[in-house]
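Okay, model-v5.cif is below, mmCIF, C-alpha atoms:
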data_start
#
loop_
_atom_site.group_PDB
_atom_site.id
_atom_site.type_symbol
_atom_site.label_atom_id
_atom_site.label_comp_id
_atom_site.auth_asym_id
_atom_site.auth_seq_id
_atom_site.Cartn_x
_atom_site.Cartn_y
_atom_site.Cartn_z
ATOM 1 C CA MET J 1 131.624 86.767 97.846
ATOM 2 C CA LYS J 2 131.516 87.599 101.553
ATOM 3 C CA LEU J 3 129.477 90.549 102.708
ATOM 4 C CA LYS J 4 131.170 92.642 105.356
ATOM 5 C CA PRO J 5 128.946 92.942 108.443
ATOM 6 C CA LEU J 6 128.252 96.494 109.571
ATOM 7 C CA PRO J 7 127.715 97.706 113.133
ATOM 8 C CA LEU J 8 124.378 96.972 114.722
ATOM 9 C CA LEU J 9 123.996 100.662 115.549
ATOM 10 C CA VAL J 10 123.760 101.461 111.848
ATOM 11 C CA LEU J 11 120.885 99.033 111.378
ATOM 12 C CA ALA J 12 119.183 100.267 114.503
ATOM 13 C CA ALA J 13 119.384 103.858 113.315
ATOM 14 C CA LEU J 14 117.887 102.961 109.961
ATOM 15 C CA ALA J 15 115.124 100.948 111.562
ATOM 16 C CA SER J 16 114.256 103.801 113.880
ATOM 17 C CA SER J 17 113.908 106.098 110.877
ATOM 18 C CA SER J 18 110.938 103.968 109.751
ATOM 19 C CA LEU J 19 112.591 102.952 106.482
ATOM 20 C CA PHE J 20 111.832 99.380 107.438
ATOM 21 C CA ALA J 21 110.644 97.658 110.584
ATOM 22 C CA ALA J 22 113.318 95.637 112.374
ATOM 23 C CA ASP J 23 110.970 92.676 112.914
ATOM 24 C CA LEU J 24 109.527 92.560 109.382
ATOM 25 C CA PRO J 25 111.151 91.841 106.032
ATOM 26 C CA PRO J 26 111.894 95.001 104.057
ATOM 27 C CA GLY J 27 109.586 96.259 101.352
ATOM 28 C CA GLU J 28 110.827 96.336 97.778
ATOM 29 C CA LYS J 29 112.135 99.916 98.061
ATOM 30 C CA GLU J 30 114.104 99.224 101.241
ATOM 31 C CA ALA J 31 115.561 95.806 100.406
ATOM 32 C CA LYS J 32 118.945 96.863 99.067
ATOM 33 C CA ARG J 33 119.662 99.095 102.049
ATOM 34 C CA ALA J 34 118.484 96.382 104.434
ATOM 35 C CA ILE J 35 121.028 93.852 103.201
ATOM 36 C CA GLU J 36 123.815 96.426 102.916
ATOM 37 C CA THR J 37 123.385 97.436 106.557
ATOM 38 C CA SER J 38 122.724 94.012 108.071
ATOM 39 C CA PRO J 39 124.975 93.051 110.999
ATOM 40 C CA ARG J 40 124.604 89.355 110.137
ATOM 41 C CA HIS J 41 127.055 87.220 108.173
ATOM 42 C CA GLY J 42 125.865 86.765 104.598
ATOM 43 C CA GLU J 43 127.802 85.184 101.761
ATOM 44 C CA TYR J 44 127.448 83.738 98.292
ATOM 45 C CA VAL J 45 128.304 80.070 97.826
ATOM 46 C CA ASP J 46 128.423 77.725 94.854
ATOM 47 C CA VAL J 47 126.493 74.547 95.594
ATOM 48 C CA GLN J 48 127.173 71.444 93.523
ATOM 49 C CA VAL J 49 124.169 69.573 92.109
ATOM 50 C CA PRO J 50 125.818 66.214 91.366
ATOM 51 C CA GLU J 51 122.871 64.619 89.575
ATOM 52 C CA LEU J 52 122.923 67.423 87.017
ATOM 53 C CA LYS J 53 126.713 67.929 86.917
ATOM 54 C CA LYS J 54 125.969 71.598 87.500
ATOM 55 C CA SER J 55 126.223 74.066 90.338
ATOM 56 C CA VAL J 56 123.784 76.621 91.670
ATOM 57 C CA ARG J 57 124.809 79.884 93.307
ATOM 58 C CA ALA J 58 123.125 80.678 96.601
ATOM 59 C CA TYR J 59 122.982 83.484 99.142
ATOM 60 C CA VAL J 60 123.333 82.261 102.740
ATOM 61 C CA VAL J 61 122.830 84.240 105.928
ATOM 62 C CA TYR J 62 123.665 82.916 109.390
ATOM 63 C CA PRO J 63 121.968 83.920 112.634
ATOM 64 C CA GLU J 64 123.785 85.235 115.667
ATOM 65 C CA ARG J 65 122.800 82.775 118.378
ATOM 66 C CA PRO J 66 124.544 80.264 120.649
ATOM 67 C CA GLU J 67 122.167 77.378 119.873
ATOM 68 C CA ARG J 68 121.989 75.271 116.731
ATOM 69 C CA ALA J 69 119.497 76.613 114.231
ATOM 70 C CA GLY J 70 116.851 75.280 111.886
ATOM 71 C CA VAL J 71 117.444 75.691 108.150
ATOM 72 C CA VAL J 72 115.073 77.566 105.839
ATOM 73 C CA VAL J 73 115.416 77.288 102.061
ATOM 74 C CA VAL J 74 114.127 80.501 100.473
ATOM 75 C CA ILE J 75 112.672 80.074 96.976
ATOM 76 C CA HIS J 76 112.624 83.218 94.903
ATOM 77 C CA GLU J 77 109.803 84.736 92.917
ATOM 78 C CA ILE J 78 109.576 84.776 89.150
ATOM 79 C CA PHE J 79 111.886 87.811 89.408
ATOM 80 C CA GLY J 80 114.837 85.620 90.412
ATOM 81 C CA LEU J 81 117.274 86.213 93.255
ATOM 82 C CA SER J 82 116.444 89.880 93.801
ATOM 83 C CA ASP J 83 117.576 92.229 96.550
ATOM 84 C CA TRP J 84 114.158 91.727 98.077
ATOM 85 C CA ILE J 85 114.623 87.959 98.342
ATOM 86 C CA LYS J 86 118.044 88.524 99.887
ATOM 87 C CA GLY J 87 116.412 90.925 102.357
ATOM 88 C CA VAL J 88 113.888 88.246 103.338
ATOM 89 C CA THR J 89 116.735 85.742 103.714
ATOM 90 C CA ASP J 90 118.529 88.135 106.042
ATOM 91 C CA GLN J 91 115.386 88.706 108.083
ATOM 92 C CA LEU J 92 114.917 84.966 108.532
ATOM 93 C CA ALA J 93 118.462 84.841 109.921
ATOM 94 C CA ALA J 94 117.517 87.686 112.256
ATOM 95 C CA GLU J 95 114.757 85.407 113.540
ATOM 96 C CA GLY J 96 117.281 82.669 114.343
ATOM 97 C CA PHE J 97 117.352 80.496 111.206
ATOM 98 C CA ILE J 98 120.142 79.579 108.824
ATOM 99 C CA ALA J 99 118.598 80.832 105.597
ATOM 100 C CA ILE J 100 119.743 79.915 102.098
ATOM 101 C CA ALA J 101 118.336 81.343 98.871
ATOM 102 C CA PRO J 102 119.537 79.627 95.682
ATOM 103 C CA ASP J 103 119.529 81.580 92.433
ATOM 104 C CA LEU J 104 117.844 78.897 90.376
ATOM 105 C CA LEU J 105 118.640 80.700 87.155
ATOM 106 C CA THR J 106 122.289 79.746 87.637
ATOM 107 C CA LEU J 107 121.289 76.224 86.618
ATOM 108 C CA GLY J 108 121.411 77.688 83.119
ATOM 109 C CA GLY J 109 124.817 79.255 83.627
ATOM 110 C CA LYS J 110 123.711 82.874 84.199
ATOM 111 C CA ASP J 111 122.739 84.550 87.447
ATOM 112 C CA THR J 112 119.728 86.827 87.845
ATOM 113 C CA ASP J 113 121.761 90.019 87.551
ATOM 114 C CA SER J 114 123.168 88.926 84.191
ATOM 115 C CA TYR J 115 119.827 89.243 82.415
ATOM 116 C CA PRO J 116 119.227 92.581 80.638
ATOM 117 C CA SER J 117 115.657 93.108 81.890
ATOM 118 C CA ARG J 118 113.049 91.840 84.318
ATOM 119 C CA ASP J 119 111.080 90.441 81.374
ATOM 120 C CA ASP J 120 114.106 88.358 80.404
ATOM 121 C CA VAL J 121 114.378 87.105 83.978
ATOM 122 C CA THR J 122 110.719 86.074 84.179
ATOM 123 C CA LYS J 123 110.947 84.297 80.815
ATOM 124 C CA ALA J 124 114.020 82.374 81.996
ATOM 125 C CA VAL J 125 112.385 81.397 85.301
ATOM 126 C CA ARG J 126 109.330 80.101 83.452
ATOM 127 C CA GLY J 127 111.672 77.946 81.392
ATOM 128 C CA LEU J 128 113.217 76.163 84.373
ATOM 129 C CA LYS J 129 112.585 72.416 84.522
ATOM 130 C CA ALA J 130 110.693 71.181 87.575
ATOM 131 C CA ASP J 131 112.938 68.162 88.150
ATOM 132 C CA GLU J 132 116.096 70.286 87.974
ATOM 133 C CA VAL J 133 114.620 72.840 90.383
ATOM 134 C CA ALA J 134 113.857 70.077 92.894
ATOM 135 C CA LEU J 135 117.401 68.698 92.657
ATOM 136 C CA ALA J 136 118.894 72.175 93.078
ATOM 137 C CA LEU J 137 116.752 72.745 96.181
ATOM 138 C CA ASP J 138 117.887 69.371 97.525
ATOM 139 C CA ALA J 139 121.497 70.436 97.053
ATOM 140 C CA ALA J 140 120.991 73.848 98.652
ATOM 141 C CA ARG J 141 119.294 72.276 101.669
ATOM 142 C CA ALA J 142 121.998 69.606 102.016
ATOM 143 C CA SER J 143 124.783 72.199 101.830
ATOM 144 C CA VAL J 144 123.805 73.720 105.173
ATOM 145 C CA ILE J 145 121.729 71.176 107.092
ATOM 146 C CA HIS J 146 124.778 69.094 108.048
ATOM 147 C CA LYS J 147 126.792 72.038 109.347
ATOM 148 C CA SER J 148 127.654 72.002 113.034
ATOM 149 C CA SER J 149 125.547 75.138 113.572
ATOM 150 C CA ALA J 150 122.384 73.488 112.149
ATOM 151 C CA ASN J 151 119.960 71.436 114.250
ATOM 152 C CA GLY J 152 118.998 68.994 111.486
ATOM 153 C CA ARG J 153 115.504 70.344 110.828
ATOM 154 C CA SER J 154 114.545 72.246 107.709
ATOM 155 C CA GLY J 155 111.718 74.113 106.036
ATOM 156 C CA THR J 156 111.009 76.007 102.856
ATOM 157 C CA ILE J 157 109.445 79.361 102.105
ATOM 158 C CA GLY J 158 108.575 80.638 98.652
ATOM 159 C CA PHE J 159 106.878 83.599 97.045
ATOM 160 C CA CYS J 160 104.715 83.807 93.912
ATOM 161 C CA TRP J 161 106.351 81.308 91.495
ATOM 162 C CA GLY J 162 108.496 80.274 94.440
ATOM 163 C CA GLY J 163 105.398 79.769 96.583
ATOM 164 C CA GLY J 164 104.230 77.099 94.185
ATOM 165 C CA GLN J 165 107.724 75.615 94.219
ATOM 166 C CA SER J 166 107.732 75.554 98.031
ATOM 167 C CA PHE J 167 104.484 73.562 97.963
ATOM 168 C CA ALA J 168 105.824 71.206 95.278
ATOM 169 C CA TYR J 169 109.180 70.745 96.999
ATOM 170 C CA ALA J 170 107.502 69.714 100.246
ATOM 171 C CA ALA J 171 105.823 66.958 98.227
ATOM 172 C CA HIS J 172 109.151 65.981 96.644
ATOM 173 C CA GLN J 173 111.391 65.960 99.739
ATOM 174 C CA PRO J 174 110.024 63.814 102.607
ATOM 175 C CA ASP J 175 112.659 65.080 105.076
ATOM 176 C CA VAL J 176 111.393 68.677 104.998
ATOM 177 C CA ASN J 177 109.698 69.532 108.302
ATOM 178 C CA ALA J 178 107.605 72.540 107.251
ATOM 179 C CA ALA J 179 106.666 74.532 104.160
ATOM 180 C CA VAL J 180 105.471 78.117 103.827
ATOM 181 C CA VAL J 181 103.640 79.206 100.685
ATOM 182 C CA TYR J 182 103.151 82.878 99.885
ATOM 183 C CA TYR J 183 100.556 83.388 97.127
ATOM 184 C CA GLY J 184 101.591 80.247 95.281
ATOM 185 C CA THR J 185 99.468 77.541 93.704
ATOM 186 C CA PRO J 186 99.358 73.927 94.961
ATOM 187 C CA PRO J 187 100.888 70.907 93.227
ATOM 188 C CA SER J 188 98.820 68.238 91.492
ATOM 189 C CA ASP J 189 96.598 65.903 93.486
ATOM 190 C CA GLU J 190 99.359 63.315 93.174
ATOM 191 C CA GLY J 191 101.788 65.785 94.710
ATOM 192 C CA LEU J 192 99.418 66.688 97.537
ATOM 193 C CA ALA J 193 99.134 62.996 98.390
ATOM 194 C CA LYS J 194 102.902 62.845 98.931
ATOM 195 C CA LEU J 195 103.060 65.704 101.416
ATOM 196 C CA ALA J 196 104.605 64.606 104.682
ATOM 197 C CA CYS J 197 104.961 67.956 106.471
ATOM 198 C CA PRO J 198 102.638 70.767 107.590
ATOM 199 C CA VAL J 199 102.072 73.613 105.122
ATOM 200 C CA ALA J 200 101.097 77.195 105.956
ATOM 201 C CA GLY J 201 99.759 79.372 103.146
ATOM 202 C CA PHE J 202 99.457 83.171 102.999
ATOM 203 C CA TYR J 203 97.284 84.842 100.358
ATOM 204 C CA GLY J 204 95.853 88.183 99.324
ATOM 205 C CA GLY J 205 92.078 88.337 99.284
ATOM 206 C CA SER J 206 92.126 90.327 96.021
ATOM 207 C CA ASP J 207 94.383 87.810 94.294
ATOM 208 C CA ALA J 208 91.613 85.576 92.926
ATOM 209 C CA ARG J 209 93.857 83.829 90.394
ATOM 210 C CA VAL J 210 95.766 82.187 93.250
ATOM 211 C CA THR J 211 93.420 82.474 96.209
ATOM 212 C CA SER J 212 90.641 80.620 94.349
ATOM 213 C CA THR J 213 92.785 77.491 94.740
ATOM 214 C CA VAL J 214 92.713 77.648 98.547
ATOM 215 C CA ALA J 215 89.260 76.204 99.304
ATOM 216 C CA PRO J 216 89.656 73.201 96.963
ATOM 217 C CA THR J 217 93.089 72.504 98.453
ATOM 218 C CA VAL J 218 91.653 72.602 101.980
ATOM 219 C CA GLU J 219 89.070 69.970 101.020
ATOM 220 C CA LYS J 220 91.631 67.753 99.316
ATOM 221 C CA MET J 221 93.992 67.945 102.271
ATOM 222 C CA LYS J 222 91.196 67.075 104.676
ATOM 223 C CA LYS J 223 90.552 63.891 102.731
ATOM 224 C CA LEU J 224 94.255 63.091 102.659
ATOM 225 C CA GLY J 225 94.665 63.764 106.374
ATOM 226 C CA GLY J 226 97.300 66.395 105.740
ATOM 227 C CA PHE J 227 97.977 69.606 107.664
ATOM 228 C CA TYR J 228 97.375 72.710 105.525
ATOM 229 C CA THR J 229 96.578 76.039 107.150
ATOM 230 C CA PRO J 230 95.731 78.914 104.793
ATOM 231 C CA HIS J 231 95.541 82.580 105.794
ATOM 232 C CA VAL J 232 93.710 84.960 103.454
ATOM 233 C CA TYR J 233 93.989 88.713 104.031
ATOM 234 C CA GLU J 234 91.061 90.810 102.852
ATOM 235 C CA GLY J 235 91.931 93.544 100.374
ATOM 236 C CA ALA J 236 95.589 92.514 100.011
ATOM 237 C CA GLY J 237 96.995 91.843 96.567
ATOM 238 C CA HIS J 238 99.384 89.386 95.016
ATOM 239 C CA GLY J 239 102.907 89.980 96.305
ATOM 240 C CA PHE J 240 101.734 91.910 99.356
ATOM 241 C CA LEU J 241 104.846 91.091 101.386
ATOM 242 C CA ARG J 242 107.028 92.790 98.788
ATOM 243 C CA GLN J 243 104.614 95.596 97.895
ATOM 244 C CA GLN J 244 103.781 96.574 101.449
ATOM 245 C CA ASP J 245 102.621 100.081 100.535
ATOM 246 C CA GLY J 246 99.951 98.952 98.042
ATOM 247 C CA GLN J 247 96.207 98.220 98.040
ATOM 248 C CA ASN J 248 95.386 101.315 100.143
ATOM 249 C CA GLY J 249 97.148 99.979 103.202
ATOM 250 C CA ALA J 250 95.772 96.426 102.962
ATOM 251 C CA ASN J 251 99.168 95.051 101.938
ATOM 252 C CA GLU J 252 100.870 96.633 104.935
ATOM 253 C CA LYS J 253 98.203 95.249 107.274
ATOM 254 C CA ALA J 254 98.526 91.799 105.708
ATOM 255 C CA THR J 255 102.322 91.887 106.095
ATOM 256 C CA LYS J 256 102.105 92.812 109.770
ATOM 257 C CA GLU J 257 99.795 89.846 110.387
ATOM 258 C CA ALA J 258 101.314 87.293 108.020
ATOM 259 C CA TRP J 259 104.998 87.613 108.855
ATOM 260 C CA PRO J 260 104.708 87.020 112.632
ATOM 261 C CA ALA J 261 102.463 84.029 111.857
ATOM 262 C CA THR J 262 105.112 82.741 109.460
ATOM 263 C CA ILE J 263 107.883 83.028 112.035
ATOM 264 C CA LYS J 264 105.753 81.411 114.737
ATOM 265 C CA PHE J 265 104.981 78.483 112.413
ATOM 266 C CA LEU J 266 108.623 77.976 111.433
ATOM 267 C CA LYS J 267 109.900 78.240 114.992
ATOM 268 C CA GLU J 268 107.365 75.656 116.164
ATOM 269 C CA LYS J 269 108.226 73.197 113.405
ATOM 270 C CA LEU J 270 112.004 73.678 113.218
ATOM 271 C CA LYS J 271 112.949 73.968 116.899
#
Let me see whether you can do it: turn the structure in this file into structure tokens.
Amino acid sequence: MKLKPLPLLVLAALASSSLFAADLPPGEKEAKRAIETSPRHGEYVDVQVPELKKSVRAYVVYPERPERAGVVVVIHEIFGLSDWIKGVTDQLAAEGFIAIAPDLLTLGGKDTDSYPSRDDVTKAVRGLKADEVALALDAARASVIHKSSANGRSGTIGFCWGGGQSFAYAAHQPDVNAAVVYYGTPPSDEGLAKLACPVAGFYGGSDARVTSTVAPTVEKMKKLGGFYTPHVYEGAGHGFLRQQDGQNGANEKATKEAWPATIKFLKEKLK
């Protein structure tokens, strides 16, 4: 399904009304409007996963730029391919990347929107098999990295459940050039030893369940000689990039610091 681009003036007007900042991904409440009013070319594609004899549906957004672009694979949260994830995908395209977000639930034959409730979605995501997820991400990456508009370099970014998958995928796929982890846990020590690309992590200081893994991972990566740079934002909670209005303003502050750092990291590694 192809999304019809709307005039840039519409997006500019919405941005100026403070519904969402033009240089930040939208918050959860603004995500649907952000993608509906985007001037960029977004479309749904079916990507074949030959090893599994299955396909995965993905949302792809292309940047408006004359140069070839780096590819970013966006890995959704435990909530599946939500409007918010599509909004992040669009914002990455606004920053100059070809961004593709596979709906990993389609490996099971149903897309995210087909589930009756969020609880059903989270249960289904938890049931996904790690090896099938990795193969689906391989296929999504391959579907765009060889396009004439791509520069041959690629990275991943994931959130929550997807943050852990971003970390794990970087260990699985040696040709990935960068990985971004938002409040996701690291892979096993065996997985960490396979990492061949730099990893940037972004965490909420109040999210002890996940953030408690940061210091041990730093030490392990030092011993392995790997490049892992964590950023922990005091007072911010889990999912701060989505829930920007939470934690008494700490989530908003964390977003305004974390997102520019994310874009800087990706632009440096994927140029």
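Minimum distance to Ala130 of chain J across J:Ser166, J:Thr255, J:Ser55, J:Thr211 (counting all atoms listed in the file) occurs at J:Ser166.
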Chain and number of each residue from the PyMOL selection byres ((chain J and resi 231-240) around 9), as a short mmCIF file (atom, residue, chain, number, x, y, z; two decimals) with C-alpha atoms, in the frame of the given file:
data_model
loop_
_atom_site.label_atom_id
_atom_site.label_comp_id
_atom_site.auth_asym_id
_atom_site.auth_seq_id
_atom_site.Cartn_x
_atom_site.Cartn_y
_atom_site.Cartn_z
CA PHE J 159 106.88 83.60 97.04
CA CYS J 160 104.72 83.81 93.91
CA TYR J 182 103.15 82.88 99.88
CA TYR J 183 100.56 83.39 97.13
CA ALA J 200 101.10 77.19 105.96
CA GLY J 201 99.76 79.37 103.15
CA PHE J 202 99.46 83.17 103.00
CA TYR J 203 97.28 84.84 100.36
CA GLY J 204 95.85 88.18 99.32
CA GLY J 205 92.08 88.34 99.28
CA SER J 206 92.13 90.33 96.02
CA ASP J 207 94.38 87.81 94.29
CA ALA J 208 91.61 85.58 92.93
CA VAL J 210 95.77 82.19 93.25
CA THR J 211 93.42 82.47 96.21
CA VAL J 214 92.71 77.65 98.55
CA THR J 229 96.58 76.04 107.15
CA PRO J 230 95.73 78.91 104.79
CA LEU J 241 104.85 91.09 101.39
CA ARG J 242 107.03 92.79 98.79
CA GLN J 243 104.61 95.60 97.90
CA GLN J 244 103.78 96.57 101.45
CA ASP J 245 102.62 100.08 100.54
CA GLY J 246 99.95 98.95 98.04
CA GLN J 247 96.21 98.22 98.04
CA ASN J 248 95.39 101.32 100.14
CA GLY J 249 97.15 99.98 103.20
CA ALA J 250 95.77 96.43 102.96
CA ASN J 251 99.17 95.05 101.94
CA GLU J 252 100.87 96.63 104.94
CA LYS J 253 98.20 95.25 107.27
CA ALA J 254 98.53 91.80 105.71
CA THR J 255 102.32 91.89 106.10
CA GLU J 257 99.80 89.85 110.39
CA ALA J 258 101.31 87.29 108.02
#
Go through the shown structure with the PyMOL selection byres ((chain J and resi 224-228) around 10) and write out the matching residues as a tab-separated table (two decimals) with C-alpha atoms, in the frame of the given file.
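Generated output (result15.tsv):
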chain	number	residue	atom	x	y	z
J	179	ALA	CA	106.67	74.53	104.16
J	180	VAL	CA	105.47	78.12	103.83
J	189	ASP	CA	96.60	65.90	93.49
J	192	LEU	CA	99.42	66.69	97.54
J	193	ALA	CA	99.13	63.00	98.39
J	194	LYS	CA	102.90	62.84	98.93
J	195	LEU	CA	103.06	65.70	101.42
J	196	ALA	CA	104.60	64.61	104.68
J	197	CYS	CA	104.96	67.96	106.47
J	198	PRO	CA	102.64	70.77	107.59
J	199	VAL	CA	102.07	73.61	105.12
J	200	ALA	CA	101.10	77.19	105.96
J	201	GLY	CA	99.76	79.37	103.15
J	214	VAL	CA	92.71	77.65	98.55
J	217	THR	CA	93.09	72.50	98.45
J	218	VAL	CA	91.65	72.60	101.98
J	219	GLU	CA	89.07	69.97	101.02
J	220	LYS	CA	91.63	67.75	99.32
J	221	MET	CA	93.99	67.94	102.27
J	222	LYS	CA	91.20	67.08	104.68
J	223	LYS	CA	90.55	63.89	102.73
J	229	THR	CA	96.58	76.04	107.15
J	230	PRO	CA	95.73	78.91	104.79
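Every protein or nucleic acid residue with an atom no more than 12 Å from Gln173 of chain J, counting all atoms listed in the file and leaving out same-chain residues fewer than 4 positions away, appears here: Asp131, Ala134, Leu135, Ala136, Leu137, Asp138, Ala139, Arg141, Ala142, Ser154, Gly155, Thr156, Gln165, Ser166, Phe167, Ala168, Tyr169, Asn177, Ala178, Ala179, Gly191, Lys194, Leu195, Ala196 and Cys197 of chain J.
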May I have the selected residues written with C-alpha atoms, as a PDB file, in the coordinates of the input?
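This went into selection-v5.pdb:
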ATOM      1  CA  ASP J 131     112.938  68.162  88.150  1.00  0.00           C
ATOM      2  CA  ALA J 134     113.857  70.077  92.894  1.00  0.00           C
ATOM      3  CA  LEU J 135     117.401  68.698  92.657  1.00  0.00           C
ATOM      4  CA  ALA J 136     118.894  72.175  93.078  1.00  0.00           C
ATOM      5  CA  LEU J 137     116.752  72.745  96.181  1.00  0.00           C
ATOM      6  CA  ASP J 138     117.887  69.371  97.525  1.00  0.00           C
ATOM      7  CA  ALA J 139     121.497  70.436  97.053  1.00  0.00           C
ATOM      8  CA  ARG J 141     119.294  72.276 101.669  1.00  0.00           C
ATOM      9  CA  ALA J 142     121.998  69.606 102.016  1.00  0.00           C
ATOM     10  CA  SER J 154     114.545  72.246 107.709  1.00  0.00           C
ATOM     11  CA  GLY J 155     111.718  74.113 106.036  1.00  0.00           C
ATOM     12  CA  THR J 156     111.009  76.007 102.856  1.00  0.00           C
ATOM     13  CA  GLN J 165     107.724  75.615  94.219  1.00  0.00           C
ATOM     14  CA  SER J 166     107.732  75.554  98.031  1.00  0.00           C
ATOM     15  CA  PHE J 167     104.484  73.562  97.963  1.00  0.00           C
ATOM     16  CA  ALA J 168     105.824  71.206  95.278  1.00  0.00           C
ATOM     17  CA  TYR J 169     109.180  70.745  96.999  1.00  0.00           C
ATOM     18  CA  ASN J 177     109.698  69.532 108.302  1.00  0.00           C
ATOM     19  CA  ALA J 178     107.605  72.540 107.251  1.00  0.00           C
ATOM     20  CA  ALA J 179     106.666  74.532 104.160  1.00  0.00           C
ATOM     21  CA  GLY J 191     101.788  65.785  94.710  1.00  0.00           C
ATOM     22  CA  LYS J 194     102.902  62.845  98.931  1.00  0.00           C
ATOM     23  CA  LEU J 195     103.060  65.704 101.416  1.00  0.00           C
ATOM     24  CA  ALA J 196     104.605  64.606 104.682  1.00  0.00           C
ATOM     25  CA  CYS J 197     104.961  67.956 106.471  1.00  0.00           C
TER      26      CYS J 197
END
**Item:** From J:Thr112, J:Ser149, J:Thr213, J:Asp103, residue lying nearest Ser188 of chain J [only C-alpha atoms]
**Value:** J:Thr213
**Request:** Any chance you could resolve the PyMOL selection byres ((chain J and resi 143) around 12) against this file and give the residues as number ranges by chain?
**Result:** J: 45-49, 55-60, 71-73, 98-102, 136-142, 144-148, 150, 152, 154
Would you mind exporting C-alpha atoms of the selected residues as a PDB file, in the frame of the given file?
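Output contents, as saved in again20.pdb:
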ATOM      1  CA  VAL J  45     128.304  80.070  97.826  1.00  0.00           C
ATOM      2  CA  ASP J  46     128.423  77.725  94.854  1.00  0.00           C
ATOM      3  CA  VAL J  47     126.493  74.547  95.594  1.00  0.00           C
ATOM      4  CA  GLN J  48     127.173  71.444  93.523  1.00  0.00           C
ATOM      5  CA  VAL J  49     124.169  69.573  92.109  1.00  0.00           C
ATOM      6  CA  SER J  55     126.223  74.066  90.338  1.00  0.00           C
ATOM      7  CA  VAL J  56     123.784  76.621  91.670  1.00  0.00           C
ATOM      8  CA  ARG J  57     124.809  79.884  93.307  1.00  0.00           C
ATOM      9  CA  ALA J  58     123.125  80.678  96.601  1.00  0.00           C
ATOM     10  CA  TYR J  59     122.982  83.484  99.142  1.00  0.00           C
ATOM     11  CA  VAL J  60     123.333  82.261 102.740  1.00  0.00           C
ATOM     12  CA  VAL J  71     117.444  75.691 108.150  1.00  0.00           C
ATOM     13  CA  VAL J  72     115.073  77.566 105.839  1.00  0.00           C
ATOM     14  CA  VAL J  73     115.416  77.288 102.061  1.00  0.00           C
ATOM     15  CA  ILE J  98     120.142  79.579 108.824  1.00  0.00           C
ATOM     16  CA  ALA J  99     118.598  80.832 105.597  1.00  0.00           C
ATOM     17  CA  ILE J 100     119.743  79.915 102.098  1.00  0.00           C
ATOM     18  CA  ALA J 101     118.336  81.343  98.871  1.00  0.00           C
ATOM     19  CA  PRO J 102     119.537  79.627  95.682  1.00  0.00           C
ATOM     20  CA  ALA J 136     118.894  72.175  93.078  1.00  0.00           C
ATOM     21  CA  LEU J 137     116.752  72.745  96.181  1.00  0.00           C
ATOM     22  CA  ASP J 138     117.887  69.371  97.525  1.00  0.00           C
ATOM     23  CA  ALA J 139     121.497  70.436  97.053  1.00  0.00           C
ATOM     24  CA  ALA J 140     120.991  73.848  98.652  1.00  0.00           C
ATOM     25  CA  ARG J 141     119.294  72.276 101.669  1.00  0.00           C
ATOM     26  CA  ALA J 142     121.998  69.606 102.016  1.00  0.00           C
ATOM     27  CA  VAL J 144     123.805  73.720 105.173  1.00  0.00           C
ATOM     28  CA  ILE J 145     121.729  71.176 107.092  1.00  0.00           C
ATOM     29  CA  HIS J 146     124.778  69.094 108.048  1.00  0.00           C
ATOM     30  CA  LYS J 147     126.792  72.038 109.347  1.00  0.00           C
ATOM     31  CA  SER J 148     127.654  72.002 113.034  1.00  0.00           C
ATOM     32  CA  ALA J 150     122.384  73.488 112.149  1.00  0.00           C
ATOM     33  CA  GLY J 152     118.998  68.994 111.486  1.00  0.00           C
ATOM     34  CA  SER J 154     114.545  72.246 107.709  1.00  0.00           C
TER      35      SER J 154
END
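In terms of minimum interatomic distance to Glu36 of chain J, J:Gly87 ranks closest within J:Gly87, J:Gly80, J:Asp119, J:Glu64, counting only C-alpha atoms.
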**Request:** Find, counting only C-alpha atoms, the residue in J:Glu268, J:Asp111, J:Glu77, J:Glu95 that gets nearest to Tyr62 of chain J.
**Result:**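 Under the stated criterion, the closest residue is J:Glu95.
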Kindly add N, CA and C atoms to the incomplete segment 151-158 of chain J and provide the output as a tab-separated table (two decimals), in the coordinates of the input.
chain	number	residue	atom	x	y	z
J	151	ASN	N	120.55	72.42	113.33
J	151	ASN	CA	119.96	71.44	114.25
J	151	ASN	C	119.35	70.23	113.54
J	152	GLY	N	119.47	70.16	112.22
J	152	GLY	CA	119.00	68.99	111.49
J	152	GLY	C	117.58	69.10	110.97
J	153	ARG	N	116.87	70.16	111.31
J	153	ARG	CA	115.50	70.34	110.83
J	153	ARG	C	115.48	71.44	109.76
J	154	SER	N	114.55	71.31	108.82
J	154	SER	CA	114.54	72.25	107.71
J	154	SER	C	113.13	72.53	107.23
J	155	GLY	N	112.99	73.71	106.62
J	155	GLY	CA	111.72	74.11	106.04
J	155	GLY	C	111.97	74.90	104.77
J	156	THR	N	110.92	75.19	104.06
J	156	THR	CA	111.01	76.01	102.86
J	156	THR	C	110.03	77.17	102.96
J	157	ILE	N	110.37	78.24	102.24
J	157	ILE	CA	109.44	79.36	102.10
J	157	ILE	C	109.62	79.89	100.68
J	158	GLY	N	108.50	80.15	100.02
J	158	GLY	CA	108.58	80.64	98.65
J	158	GLY	C	107.50	81.66	98.38
